[in-house]
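Enquirer: Could you have a look at this structure, given as structure tokens, before my questions?
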4 protein chains.
Amino acid sequence: MPLYTSSSLRCATLDEPEHGLTEELLADTDVLTWWGHMAHGDVQDEIVERVKARVLDGMGLIVLHSGHFSKIFKSLMGTTCNLRWREAAEKERLWVMSPGHPIAEGLGEYLELPHTEMYGERFDIPAPDELIFVSWFAGGEVFRSGCCFYRGKGKIFYFRPGHETFPIYHNKEVLHVIANAAKWAAPTGSVAPVFGNAQPLEDLGQ
Amino acid sequence: MPLYTSSSLRCATLDEPEHGLTEELLADTDVLTWWGHMAHGDVQDEIVERVKARVLDGMGLIVLHSGHFSKIFKSLMGTTCNLRWREAAEKERLWVMSPGHPIAEGLGEYLELPHTEMYGERFDIPAPDELIFVSWFAGGEVFRSGCCFYRGKGKIFYFRPGHETFPIYHNKEVLHVIANAAKWAAPTGSVAPVFGNAQPLEDLGQ
Amino acid sequence: MPLYTSSSLRCATLDEPEHGLTEELLADTDVLTWWGHMAHGDVQDEIVERVKARVLDGMGLIVLHSGHFSKIFKSLMGTTCNLRWREAAEKERLWVMSPGHPIAEGLGEYLELPHTEMYGERFDIPAPDELIFVSWFAGGEVFRSGCCFYRGKGKIFYFRPGHETFPIYHNKEVLHVIANAAKWAAPTGSVAPVFGNAQPLEDLGQ
Amino acid sequence: MPLYTSSSLRCATLDEPEHGLTEELLADTDVLTWWGHMAHGDVQDEIVERVKARVLDGMGLIVLHSGHFSKIFKSLMGTTCNLRWREAAEKERLWVMSPGHPIAEGLGEYLELPHTEMYGERFDIPAPDELIFVSWFAGGEVFRSGCCFYRGKGKIFYFRPGHETFPIYHNKEVLHVIANAAKWAAPTGSVAPVFGNAQPLEDLGQ
């Protein structure tokens, strides 16, 4: 299990060359956390393809909040990833749906955020391989707020909370979930599968 | 339940303008069956996006055999859709994994194809929402040969059998499965979800 | 697709011999709808086993509301099927999570019930094979209100709405969902699998 | 992550009082590995209920080979858990279906067992929450050989290999998978959900 120290955390931004996501950096990354909002369209397709290949090869990916509309998430999901939304500073309560899952480790029955942007269903994603949280919103909606996906050798976690002005990422429980997700999404597993033309493993009598 | 008569079956090919897949035709199509092999790269991205939007809006999609590498299937899956393969005219046996599923209607415990191309795992797809067939191959491999996916409002069925020279599509049971799949994939469901900014459904006291 | 006319609907109650669920009746039943509340413990284990065997052999089962605690549902799920609940006549809104699914056919984005008993998560069931509805409750909870399960050759749908005094089963949309579910759960599929000792299908050279 | 040393491994057998599975022992157990064959019927129902409650409360459970017919596995699955079988000392090849899953950690593309008992589909279980291995058998069958299930707060792994005379549990890779599964199945997660009557979390204005 990887140990996350300050020295092992790095940050990459849109403005850097290659958005800071060089081949070398990605090869050396266990789990990438992605957040974006207004500038999804400015992310270069070539870098998106590079990140996607690395995810399918085993790097974990945590997509936060408005990252649902990022090129990388939409490309990995294969759907529009569209949703309903509203900014009314309303209350959100995230219920734990999978109490035995490592991403729920150390949590109570629910998390509460007093003032959040609302994201509501229909959330146009494939059915998650594991559904960890479902949110209740004061305005009347529900949302699948914590969703695990296995893609290639990689693990992906979408986590809804976040905002550019509400102090969501100062909330201790939200940070706890992100830390749990990083542990869950870290690379594990077998050798990379071999694709393409293959000799028979049994005698075909030919 | 739609009735499939000869008059309601139409064919579209790569060589036609817009590959024959006009907006009008797609809007009037319940289920699209896709097969391609050597020319996946020649399919225009714009048409792929059009077909994808129509699938997410409810049109069924049946992807056959080497269609696993089509742009439309890869785009909907979000993975490489890569696999192992071999042309040795070996025996394949497709075991029914979901005996209660409508796509298995009328089948026995398995289907047998005496001479087929082999497709083997690892098949790099998301875990299917429903797994209908798993194939056994004489050369020693297995393969998830019948896979259902829900994406947007659409239903997708990937079916492995097929070949450009082996007479797979003359096999009665194979045709029976494709007919079952067309019935399963036909559009059903609720009104299209509304996305975007939304007013609260409850009084937020603001 | 079966046609449900008044003549093809029958009712069986706890007080009848064998609770009205004779071998003959079950063999002649496509879909069984189950509702119970106070008397789950009075249902004979032998009859529960009989119904279970018939479900695994292909009969559809629709479990309504407080039927979540019935012996038949708990036995098929393998979990406690426990949940939170409250009787406060509060508002419930059932959001459609799978807009392309036949059980959602003809619905809008959500159903609303002005006065219901609340059922809240954690609902101790296996992850549903298909999740059709998630409920929002005025009191702050969420609930997986429409859940599909494939078990053996049978299809099971759990549907939350219902009550012994609130007129839930007079609601047109609720009845529409139950009718959709009956069509979805009707028997389909392949011949019954053969279990037990089996001769090899290939020459083992022995 | 628990460390498994010889001092932390214990064995319980049918002949012991309470089959060795006392409340105290179970409360102190992270992961229970279950194997049985001829004497499933001799296991007391009361002990099965005790083990089941502990699994739903978070203890991991690994069910080996003929344990598919144990009372505890059938009770947790809710299905017959029946299958096809044959003793012909044939070859089995277990293909890794989920190369990024922790249970596949450190494996190649497949495991091979030269002489095994055959278990074949249809295996009457719910669709696994995660499918790790599918087996190929020389005699012509396939089988879902490594299946993960989440039930309550507990994690369950069914693993097919094993036999009373073939030296399957002396195979290094088989033991490696069981060790991986023990790590995966170890308790994690949130506090136990509270069930039953609940006060509203929001003001219902009543």
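To be explicit about the labels: the chains of the structure tokens are called A, B, and onward in the order shown, and within each one the residues are counted from 1, while ligands get numbers from 1 in the order they are shown.
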What are the DSSP alpha helix (DSSP H) residues of range 13-140 of chain C, as a ChimeraX atom specification?

Expert: /C:23-27,45-56,71-77

Enquirer: I need the chosen residues saved as a short mmCIF file (atom, residue, chain, number, x, y, z; two decimals), in the first residue's frame, with N, CA, C and O atoms.

Expert:
```cif
data_model
loop_
_atom_site.label_atom_id
_atom_site.label_comp_id
_atom_site.auth_asym_id
_atom_site.auth_seq_id
_atom_site.Cartn_x
_atom_site.Cartn_y
_atom_site.Cartn_z
N GLU C 23 -48.70 -26.25 -6.06
CA GLU C 23 -47.77 -26.57 -7.16
C GLU C 23 -48.41 -26.28 -8.51
O GLU C 23 -47.77 -25.73 -9.42
N GLU C 24 -49.69 -26.62 -8.63
CA GLU C 24 -50.39 -26.44 -9.90
C GLU C 24 -50.47 -24.95 -10.26
O GLU C 24 -50.21 -24.56 -11.40
N LEU C 25 -50.87 -24.15 -9.28
CA LEU C 25 -51.01 -22.73 -9.54
C LEU C 25 -49.67 -22.11 -9.92
O LEU C 25 -49.57 -21.34 -10.88
N LEU C 26 -48.63 -22.43 -9.19
CA LEU C 26 -47.32 -21.84 -9.47
C LEU C 26 -46.82 -22.25 -10.85
O LEU C 26 -46.25 -21.44 -11.59
N ALA C 27 -47.05 -23.52 -11.20
CA ALA C 27 -46.62 -24.00 -12.51
C ALA C 27 -47.33 -23.24 -13.63
O ALA C 27 -46.80 -23.10 -14.74
N ASP C 45 -42.48 -22.31 5.76
CA ASP C 45 -41.18 -22.45 5.10
C ASP C 45 -41.28 -23.33 3.85
O ASP C 45 -40.61 -23.08 2.85
N GLU C 46 -42.11 -24.34 3.93
CA GLU C 46 -42.23 -25.26 2.80
C GLU C 46 -42.77 -24.54 1.56
O GLU C 46 -42.34 -24.82 0.43
N ILE C 47 -43.72 -23.64 1.79
CA ILE C 47 -44.29 -22.90 0.66
C ILE C 47 -43.26 -21.90 0.11
O ILE C 47 -43.15 -21.69 -1.10
N VAL C 48 -42.50 -21.31 1.02
CA VAL C 48 -41.44 -20.39 0.58
C VAL C 48 -40.45 -21.13 -0.31
O VAL C 48 -40.07 -20.64 -1.38
N GLU C 49 -40.06 -22.33 0.09
CA GLU C 49 -39.12 -23.11 -0.73
C GLU C 49 -39.72 -23.44 -2.09
O GLU C 49 -39.02 -23.46 -3.11
N ARG C 50 -41.01 -23.71 -2.10
CA ARG C 50 -41.70 -24.03 -3.36
C ARG C 50 -41.70 -22.83 -4.30
O ARG C 50 -41.43 -22.96 -5.50
N VAL C 51 -42.02 -21.67 -3.75
CA VAL C 51 -42.04 -20.45 -4.57
C VAL C 51 -40.63 -20.14 -5.07
O VAL C 51 -40.42 -19.81 -6.24
N LYS C 52 -39.65 -20.30 -4.18
CA LYS C 52 -38.26 -20.02 -4.56
C LYS C 52 -37.81 -20.92 -5.72
O LYS C 52 -37.21 -20.44 -6.69
N ALA C 53 -38.13 -22.20 -5.61
CA ALA C 53 -37.75 -23.14 -6.68
C ALA C 53 -38.39 -22.72 -8.01
O ALA C 53 -37.75 -22.80 -9.07
N ARG C 54 -39.64 -22.24 -7.92
CA ARG C 54 -40.34 -21.83 -9.15
C ARG C 54 -39.72 -20.55 -9.74
O ARG C 54 -39.63 -20.41 -10.96
N VAL C 55 -39.30 -19.62 -8.86
CA VAL C 55 -38.63 -18.41 -9.35
C VAL C 55 -37.32 -18.80 -10.05
O VAL C 55 -37.04 -18.37 -11.17
N LEU C 56 -36.54 -19.64 -9.40
CA LEU C 56 -35.25 -20.04 -10.00
C LEU C 56 -35.47 -20.80 -11.30
O LEU C 56 -34.59 -20.82 -12.18
N LYS C 71 -40.09 -13.76 3.80
CA LYS C 71 -39.14 -14.88 3.76
C LYS C 71 -38.64 -15.13 2.35
O LYS C 71 -37.46 -15.43 2.14
N ILE C 72 -39.53 -15.00 1.36
CA ILE C 72 -39.12 -15.32 -0.01
C ILE C 72 -38.08 -14.33 -0.51
O ILE C 72 -37.08 -14.71 -1.14
N PHE C 73 -38.26 -13.04 -0.20
CA PHE C 73 -37.30 -12.05 -0.69
C PHE C 73 -35.96 -12.20 0.03
O PHE C 73 -34.89 -12.20 -0.61
N LYS C 74 -36.00 -12.35 1.35
CA LYS C 74 -34.76 -12.50 2.10
C LYS C 74 -33.98 -13.75 1.67
O LYS C 74 -32.76 -13.73 1.56
N SER C 75 -34.73 -14.81 1.38
CA SER C 75 -34.07 -16.05 0.97
C SER C 75 -33.41 -15.91 -0.40
O SER C 75 -32.33 -16.45 -0.64
N LEU C 76 -34.06 -15.17 -1.29
CA LEU C 76 -33.49 -14.99 -2.63
C LEU C 76 -32.33 -13.99 -2.63
O LEU C 76 -31.44 -14.07 -3.48
N MET C 77 -32.35 -13.05 -1.72
CA MET C 77 -31.28 -12.04 -1.66
C MET C 77 -30.07 -12.55 -0.89
O MET C 77 -28.94 -12.18 -1.19
#
```

Enquirer: With a distance threshold of 7 Å and counting only C-alpha atoms, extract the residues of chain A near chain D and express them as a list in words.

Expert: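 Matching residues, ligands excluded from the count: Gly58, Pro99, Gly100, His101, Pro102, Ile103, Ala104, Glu105, Gly106, Leu107, Gly108, Glu109, Lys153, Gly154, Thr188, Gly189, Ser190, Val191 and Pro193 of chain A.
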
Enquirer: Give me the residues within 10 Å of Cys11 in chain B as a list in words, counting only C-alpha atoms and dropping any in the same chain fewer than 5 places off.

Expert: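 In the requested format, the answer is Gly20, Leu21, Leu32 and Thr33 of chain B.
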
Enquirer: Would you put the residues from that selection into a file with N, CA and C atoms, as a PDB file, in the first residue's frame?

Expert:
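So the final result, stored in out_24.pdb, reads:
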```pdb
ATOM      1  N   GLY B  20     -24.305   5.999 -45.873  1.00  0.00           N
ATOM      2  CA  GLY B  20     -25.710   5.586 -45.866  1.00  0.00           C
ATOM      3  C   GLY B  20     -26.426   5.881 -44.555  1.00  0.00           C
ATOM      4  N   LEU B  21     -25.707   6.468 -43.617  1.00  0.00           N
ATOM      5  CA  LEU B  21     -26.290   6.678 -42.275  1.00  0.00           C
ATOM      6  C   LEU B  21     -26.662   8.146 -42.097  1.00  0.00           C
ATOM      7  N   LEU B  32     -29.640  -0.825 -34.969  1.00  0.00           N
ATOM      8  CA  LEU B  32     -28.612  -0.827 -36.010  1.00  0.00           C
ATOM      9  C   LEU B  32     -27.643  -1.972 -35.742  1.00  0.00           C
ATOM     10  N   THR B  33     -27.412  -2.805 -36.759  1.00  0.00           N
ATOM     11  CA  THR B  33     -26.427  -3.882 -36.649  1.00  0.00           C
ATOM     12  C   THR B  33     -25.168  -3.442 -37.381  1.00  0.00           C
TER      13      THR B  33
END
```

Enquirer: Name the residues in contact with Glu173 in chain B at a cut-off of 8 Å, using only C-alpha atoms, excluding same-chain residues fewer than 3 positions from it; report them as a PyMOL selection string.

Expert: chain B and resi 107+111+176-177

Enquirer: Onto chain B, please fit chain D by least squares using all C-alpha atoms in order, then return the transformed chain as an mmCIF file with C-alpha atoms, in the first residue's frame.

Expert:
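What ended up in superposed-v3.cif:
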```cif
data_model
loop_
_atom_site.group_PDB
_atom_site.id
_atom_site.type_symbol
_atom_site.label_atom_id
_atom_site.label_comp_id
_atom_site.auth_asym_id
_atom_site.auth_seq_id
_atom_site.Cartn_x
_atom_site.Cartn_y
_atom_site.Cartn_z
ATOM 1 C CA MET D 1 -42.724 -5.366 -29.772
ATOM 2 C CA PRO D 2 -41.513 -4.502 -33.287
ATOM 3 C CA LEU D 3 -42.100 -6.991 -36.066
ATOM 4 C CA TYR D 4 -39.137 -7.416 -38.384
ATOM 5 C CA THR D 5 -40.274 -8.014 -41.947
ATOM 6 C CA SER D 6 -38.101 -7.865 -45.014
ATOM 7 C CA SER D 7 -39.561 -4.466 -45.812
ATOM 8 C CA SER D 8 -38.344 -3.075 -42.514
ATOM 9 C CA LEU D 9 -34.734 -4.207 -42.965
ATOM 10 C CA ARG D 10 -32.332 -1.817 -44.671
ATOM 11 C CA CYS D 11 -28.643 -1.913 -45.442
ATOM 12 C CA ALA D 12 -26.076 0.896 -45.347
ATOM 13 C CA THR D 13 -22.504 0.569 -46.614
ATOM 14 C CA LEU D 14 -19.207 2.435 -46.338
ATOM 15 C CA ASP D 15 -19.273 3.518 -49.985
ATOM 16 C CA GLU D 16 -22.547 5.422 -49.810
ATOM 17 C CA PRO D 17 -22.640 9.159 -49.086
ATOM 18 C CA GLU D 18 -22.516 9.564 -45.285
ATOM 19 C CA HIS D 19 -21.965 5.768 -45.315
ATOM 20 C CA GLY D 20 -25.709 5.583 -45.870
ATOM 21 C CA LEU D 21 -26.299 6.670 -42.288
ATOM 22 C CA THR D 22 -28.159 9.923 -42.766
ATOM 23 C CA GLU D 23 -29.882 11.745 -39.908
ATOM 24 C CA GLU D 24 -33.218 10.758 -41.433
ATOM 25 C CA LEU D 25 -32.372 7.075 -41.640
ATOM 26 C CA LEU D 26 -31.013 6.912 -38.110
ATOM 27 C CA ALA D 27 -34.038 8.743 -36.714
ATOM 28 C CA ASP D 28 -36.168 6.070 -38.379
ATOM 29 C CA THR D 29 -34.047 3.129 -37.144
ATOM 30 C CA ASP D 30 -34.903 1.051 -34.062
ATOM 31 C CA VAL D 31 -31.833 -1.175 -34.046
ATOM 32 C CA LEU D 32 -28.615 -0.824 -36.034
ATOM 33 C CA THR D 33 -26.432 -3.882 -36.663
ATOM 34 C CA TRP D 34 -22.775 -3.014 -37.272
ATOM 35 C CA TRP D 35 -20.167 -5.130 -38.976
ATOM 36 C CA GLY D 36 -16.828 -3.978 -40.328
ATOM 37 C CA HIS D 37 -13.315 -5.357 -40.596
ATOM 38 C CA MET D 38 -10.522 -3.841 -42.692
ATOM 39 C CA ALA D 39 -11.895 -0.350 -43.166
ATOM 40 C CA HIS D 40 -12.686 0.852 -39.637
ATOM 41 C CA GLY D 41 -10.328 3.775 -40.189
ATOM 42 C CA ASP D 42 -12.247 4.940 -43.255
ATOM 43 C CA VAL D 43 -15.443 5.568 -41.321
ATOM 44 C CA GLN D 44 -15.853 9.322 -40.866
ATOM 45 C CA ASP D 45 -15.649 10.615 -37.311
ATOM 46 C CA GLU D 46 -18.634 12.841 -37.907
ATOM 47 C CA ILE D 47 -20.825 9.878 -38.780
ATOM 48 C CA VAL D 48 -19.555 7.955 -35.757
ATOM 49 C CA GLU D 49 -20.574 10.869 -33.528
ATOM 50 C CA ARG D 50 -23.987 10.925 -35.180
ATOM 51 C CA VAL D 51 -24.546 7.209 -34.615
ATOM 52 C CA LYS D 52 -23.317 7.501 -31.038
ATOM 53 C CA ALA D 53 -25.723 10.337 -30.262
ATOM 54 C CA ARG D 54 -28.569 8.264 -31.690
ATOM 55 C CA VAL D 55 -27.594 5.229 -29.580
ATOM 56 C CA LEU D 56 -27.458 7.359 -26.429
ATOM 57 C CA ASP D 57 -30.894 8.643 -27.412
ATOM 58 C CA GLY D 58 -32.315 5.123 -27.506
ATOM 59 C CA MET D 59 -31.510 3.330 -30.776
ATOM 60 C CA GLY D 60 -30.347 -0.237 -30.207
ATOM 61 C CA LEU D 61 -26.903 -1.267 -31.488
ATOM 62 C CA ILE D 62 -25.724 -4.796 -32.266
ATOM 63 C CA VAL D 63 -21.992 -5.046 -32.891
ATOM 64 C CA LEU D 64 -20.844 -8.191 -34.671
ATOM 65 C CA HIS D 65 -17.483 -9.987 -34.589
ATOM 66 C CA SER D 66 -14.651 -7.780 -35.889
ATOM 67 C CA GLY D 67 -16.872 -4.776 -35.218
ATOM 68 C CA HIS D 68 -15.206 -4.869 -31.772
ATOM 69 C CA PHE D 69 -12.555 -2.606 -33.318
ATOM 70 C CA SER D 70 -15.021 -0.203 -34.948
ATOM 71 C CA LYS D 71 -14.836 3.440 -33.951
ATOM 72 C CA ILE D 72 -18.440 3.385 -32.740
ATOM 73 C CA PHE D 73 -17.901 0.446 -30.370
ATOM 74 C CA LYS D 74 -14.599 1.731 -28.993
ATOM 75 C CA SER D 75 -16.111 5.158 -28.456
ATOM 76 C CA LEU D 76 -19.093 3.759 -26.564
ATOM 77 C CA MET D 77 -16.966 1.432 -24.443
ATOM 78 C CA GLY D 78 -14.178 3.894 -23.590
ATOM 79 C CA THR D 79 -11.546 1.153 -23.720
ATOM 80 C CA THR D 80 -9.271 -0.312 -26.390
ATOM 81 C CA CYS D 81 -11.595 -3.297 -27.093
ATOM 82 C CA ASN D 82 -8.458 -5.255 -27.931
ATOM 83 C CA LEU D 83 -8.311 -9.066 -27.732
ATOM 84 C CA ARG D 84 -6.329 -12.162 -28.799
ATOM 85 C CA TRP D 85 -7.185 -13.828 -32.071
ATOM 86 C CA ARG D 86 -6.201 -16.704 -34.353
ATOM 87 C CA GLU D 87 -7.426 -18.121 -37.633
ATOM 88 C CA ALA D 88 -7.159 -21.878 -37.357
ATOM 89 C CA ALA D 89 -10.703 -22.975 -38.199
ATOM 90 C CA GLU D 90 -11.056 -24.425 -34.721
ATOM 91 C CA LYS D 91 -14.171 -25.399 -32.807
ATOM 92 C CA GLU D 92 -16.053 -22.869 -30.629
ATOM 93 C CA ARG D 93 -18.737 -23.644 -28.078
ATOM 94 C CA LEU D 94 -20.765 -20.718 -26.725
ATOM 95 C CA TRP D 95 -22.167 -21.495 -23.264
ATOM 96 C CA VAL D 96 -25.331 -19.715 -22.130
ATOM 97 C CA MET D 97 -24.494 -17.861 -18.911
ATOM 98 C CA SER D 98 -27.874 -16.130 -18.400
ATOM 99 C CA PRO D 99 -30.530 -18.738 -19.150
ATOM 100 C CA GLY D 100 -33.399 -16.415 -18.177
ATOM 101 C CA HIS D 101 -32.362 -13.533 -20.431
ATOM 102 C CA PRO D 102 -34.463 -12.703 -23.519
ATOM 103 C CA ILE D 103 -31.376 -12.934 -25.743
ATOM 104 C CA ALA D 104 -31.082 -16.621 -24.756
ATOM 105 C CA GLU D 105 -34.733 -17.321 -25.564
ATOM 106 C CA GLY D 106 -35.190 -20.615 -27.328
ATOM 107 C CA LEU D 107 -31.601 -21.796 -27.023
ATOM 108 C CA GLY D 108 -30.179 -24.964 -25.527
ATOM 109 C CA GLU D 109 -27.309 -24.993 -23.053
ATOM 110 C CA TYR D 110 -24.769 -24.024 -25.678
ATOM 111 C CA LEU D 111 -24.214 -23.266 -29.366
ATOM 112 C CA GLU D 112 -21.472 -25.000 -31.322
ATOM 113 C CA LEU D 113 -19.581 -23.677 -34.332
ATOM 114 C CA PRO D 114 -17.309 -26.294 -35.953
ATOM 115 C CA HIS D 115 -14.882 -23.897 -37.657
ATOM 116 C CA THR D 116 -14.314 -20.369 -36.393
ATOM 117 C CA GLU D 117 -11.752 -17.697 -35.959
ATOM 118 C CA MET D 118 -10.688 -17.579 -32.305
ATOM 119 C CA TYR D 119 -11.155 -14.476 -30.151
ATOM 120 C CA GLY D 120 -9.666 -14.861 -26.670
ATOM 121 C CA GLU D 121 -9.450 -13.017 -23.361
ATOM 122 C CA ARG D 122 -8.311 -10.630 -22.155
ATOM 123 C CA PHE D 123 -11.043 -8.727 -24.048
ATOM 124 C CA ASP D 124 -10.497 -5.110 -23.004
ATOM 125 C CA ILE D 125 -14.082 -3.947 -22.421
ATOM 126 C CA PRO D 126 -15.929 -2.655 -19.342
ATOM 127 C CA ALA D 127 -17.607 -5.454 -17.397
ATOM 128 C CA PRO D 128 -20.838 -6.071 -19.330
ATOM 129 C CA ASP D 129 -24.074 -5.107 -17.609
ATOM 130 C CA GLU D 130 -25.316 -8.588 -18.530
ATOM 131 C CA LEU D 131 -23.114 -11.461 -19.703
ATOM 132 C CA ILE D 132 -25.029 -13.837 -21.978
ATOM 133 C CA PHE D 133 -22.401 -16.146 -23.555
ATOM 134 C CA VAL D 134 -18.887 -17.306 -22.746
ATOM 135 C CA SER D 135 -17.031 -19.195 -25.481
ATOM 136 C CA TRP D 136 -14.756 -22.187 -25.210
ATOM 137 C CA PHE D 137 -12.164 -22.633 -27.986
ATOM 138 C CA ALA D 138 -10.374 -25.844 -28.937
ATOM 139 C CA GLY D 139 -7.038 -24.033 -28.833
ATOM 140 C CA GLY D 140 -7.358 -23.292 -25.113
ATOM 141 C CA GLU D 141 -8.953 -19.851 -24.755
ATOM 142 C CA VAL D 142 -12.209 -18.454 -23.386
ATOM 143 C CA PHE D 143 -14.082 -15.301 -24.429
ATOM 144 C CA ARG D 144 -17.079 -13.223 -23.306
ATOM 145 C CA SER D 145 -18.990 -13.737 -26.555
ATOM 146 C CA GLY D 146 -22.326 -12.130 -25.807
ATOM 147 C CA CYS D 147 -22.280 -8.895 -23.803
ATOM 148 C CA CYS D 148 -25.090 -6.435 -23.031
ATOM 149 C CA PHE D 149 -24.412 -2.792 -22.220
ATOM 150 C CA TYR D 150 -26.815 0.011 -21.269
ATOM 151 C CA ARG D 151 -25.508 3.399 -22.418
ATOM 152 C CA GLY D 152 -27.648 6.531 -22.230
ATOM 153 C CA LYS D 153 -31.130 5.419 -23.293
ATOM 154 C CA GLY D 154 -29.671 2.849 -25.679
ATOM 155 C CA LYS D 155 -28.991 -0.868 -25.438
ATOM 156 C CA ILE D 156 -25.888 -2.398 -27.007
ATOM 157 C CA PHE D 157 -25.201 -6.081 -27.655
ATOM 158 C CA TYR D 158 -21.797 -7.329 -28.714
ATOM 159 C CA PHE D 159 -21.903 -10.774 -30.348
ATOM 160 C CA ARG D 160 -18.649 -12.488 -31.236
ATOM 161 C CA PRO D 161 -19.497 -15.011 -33.988
ATOM 162 C CA GLY D 162 -18.918 -14.007 -37.590
ATOM 163 C CA HIS D 163 -16.321 -14.215 -40.311
ATOM 164 C CA GLU D 164 -15.716 -13.130 -43.871
ATOM 165 C CA THR D 165 -15.273 -16.688 -45.185
ATOM 166 C CA PHE D 166 -16.585 -19.186 -42.608
ATOM 167 C CA PRO D 167 -20.384 -19.402 -43.141
ATOM 168 C CA ILE D 168 -21.196 -18.236 -39.596
ATOM 169 C CA TYR D 169 -24.121 -16.052 -40.635
ATOM 170 C CA HIS D 170 -25.760 -19.041 -42.323
ATOM 171 C CA ASN D 171 -25.960 -20.815 -38.962
ATOM 172 C CA LYS D 172 -29.577 -20.879 -37.798
ATOM 173 C CA GLU D 173 -28.785 -20.472 -34.105
ATOM 174 C CA VAL D 174 -26.494 -17.519 -34.727
ATOM 175 C CA LEU D 175 -29.262 -15.807 -36.676
ATOM 176 C CA HIS D 176 -31.710 -16.668 -33.911
ATOM 177 C CA VAL D 177 -29.501 -14.909 -31.349
ATOM 178 C CA ILE D 178 -29.219 -11.816 -33.552
ATOM 179 C CA ALA D 179 -33.020 -11.722 -33.905
ATOM 180 C CA ASN D 180 -33.449 -12.068 -30.129
ATOM 181 C CA ALA D 181 -30.914 -9.296 -29.611
ATOM 182 C CA ALA D 182 -32.772 -7.005 -32.003
ATOM 183 C CA LYS D 183 -35.946 -7.443 -29.972
ATOM 184 C CA TRP D 184 -34.089 -6.830 -26.698
ATOM 185 C CA ALA D 185 -32.269 -3.753 -28.055
ATOM 186 C CA ALA D 186 -35.348 -2.071 -29.537
ATOM 187 C CA PRO D 187 -36.101 1.327 -27.979
ATOM 188 C CA THR D 188 -38.126 1.343 -24.769
ATOM 189 C CA GLY D 189 -38.150 3.492 -21.757
ATOM 190 C CA SER D 190 -38.995 6.831 -20.310
ATOM 191 C CA VAL D 191 -38.948 10.301 -21.802
ATOM 192 C CA ALA D 192 -35.510 11.715 -22.506
ATOM 193 C CA PRO D 193 -33.897 13.174 -19.369
ATOM 194 C CA VAL D 194 -33.568 16.951 -19.180
ATOM 195 C CA PHE D 195 -30.024 18.102 -18.511
ATOM 196 C CA GLY D 196 -28.564 21.449 -17.475
ATOM 197 C CA ASN D 197 -29.584 24.186 -15.082
ATOM 198 C CA ALA D 198 -32.686 23.281 -13.081
ATOM 199 C CA GLN D 199 -35.003 25.073 -10.669
ATOM 200 C CA PRO D 200 -35.457 23.489 -7.233
ATOM 201 C CA LEU D 201 -38.449 21.175 -6.838
ATOM 202 C CA GLU D 202 -38.703 22.015 -3.161
ATOM 203 C CA ASP D 203 -38.851 25.348 -1.364
ATOM 204 C CA LEU D 204 -35.300 26.213 -0.346
ATOM 205 C CA GLY D 205 -36.505 28.942 1.997
ATOM 206 C CA GLN D 206 -34.323 31.524 0.334
#
```

Enquirer: List every residue of range 29-94 of chain B that DSSP, applied to the backbone of this structure, assigns to strand (DSSP E or B), and report them as an NGL selection string.

Expert: :B and (31-34 or 60-64 or 84-94)
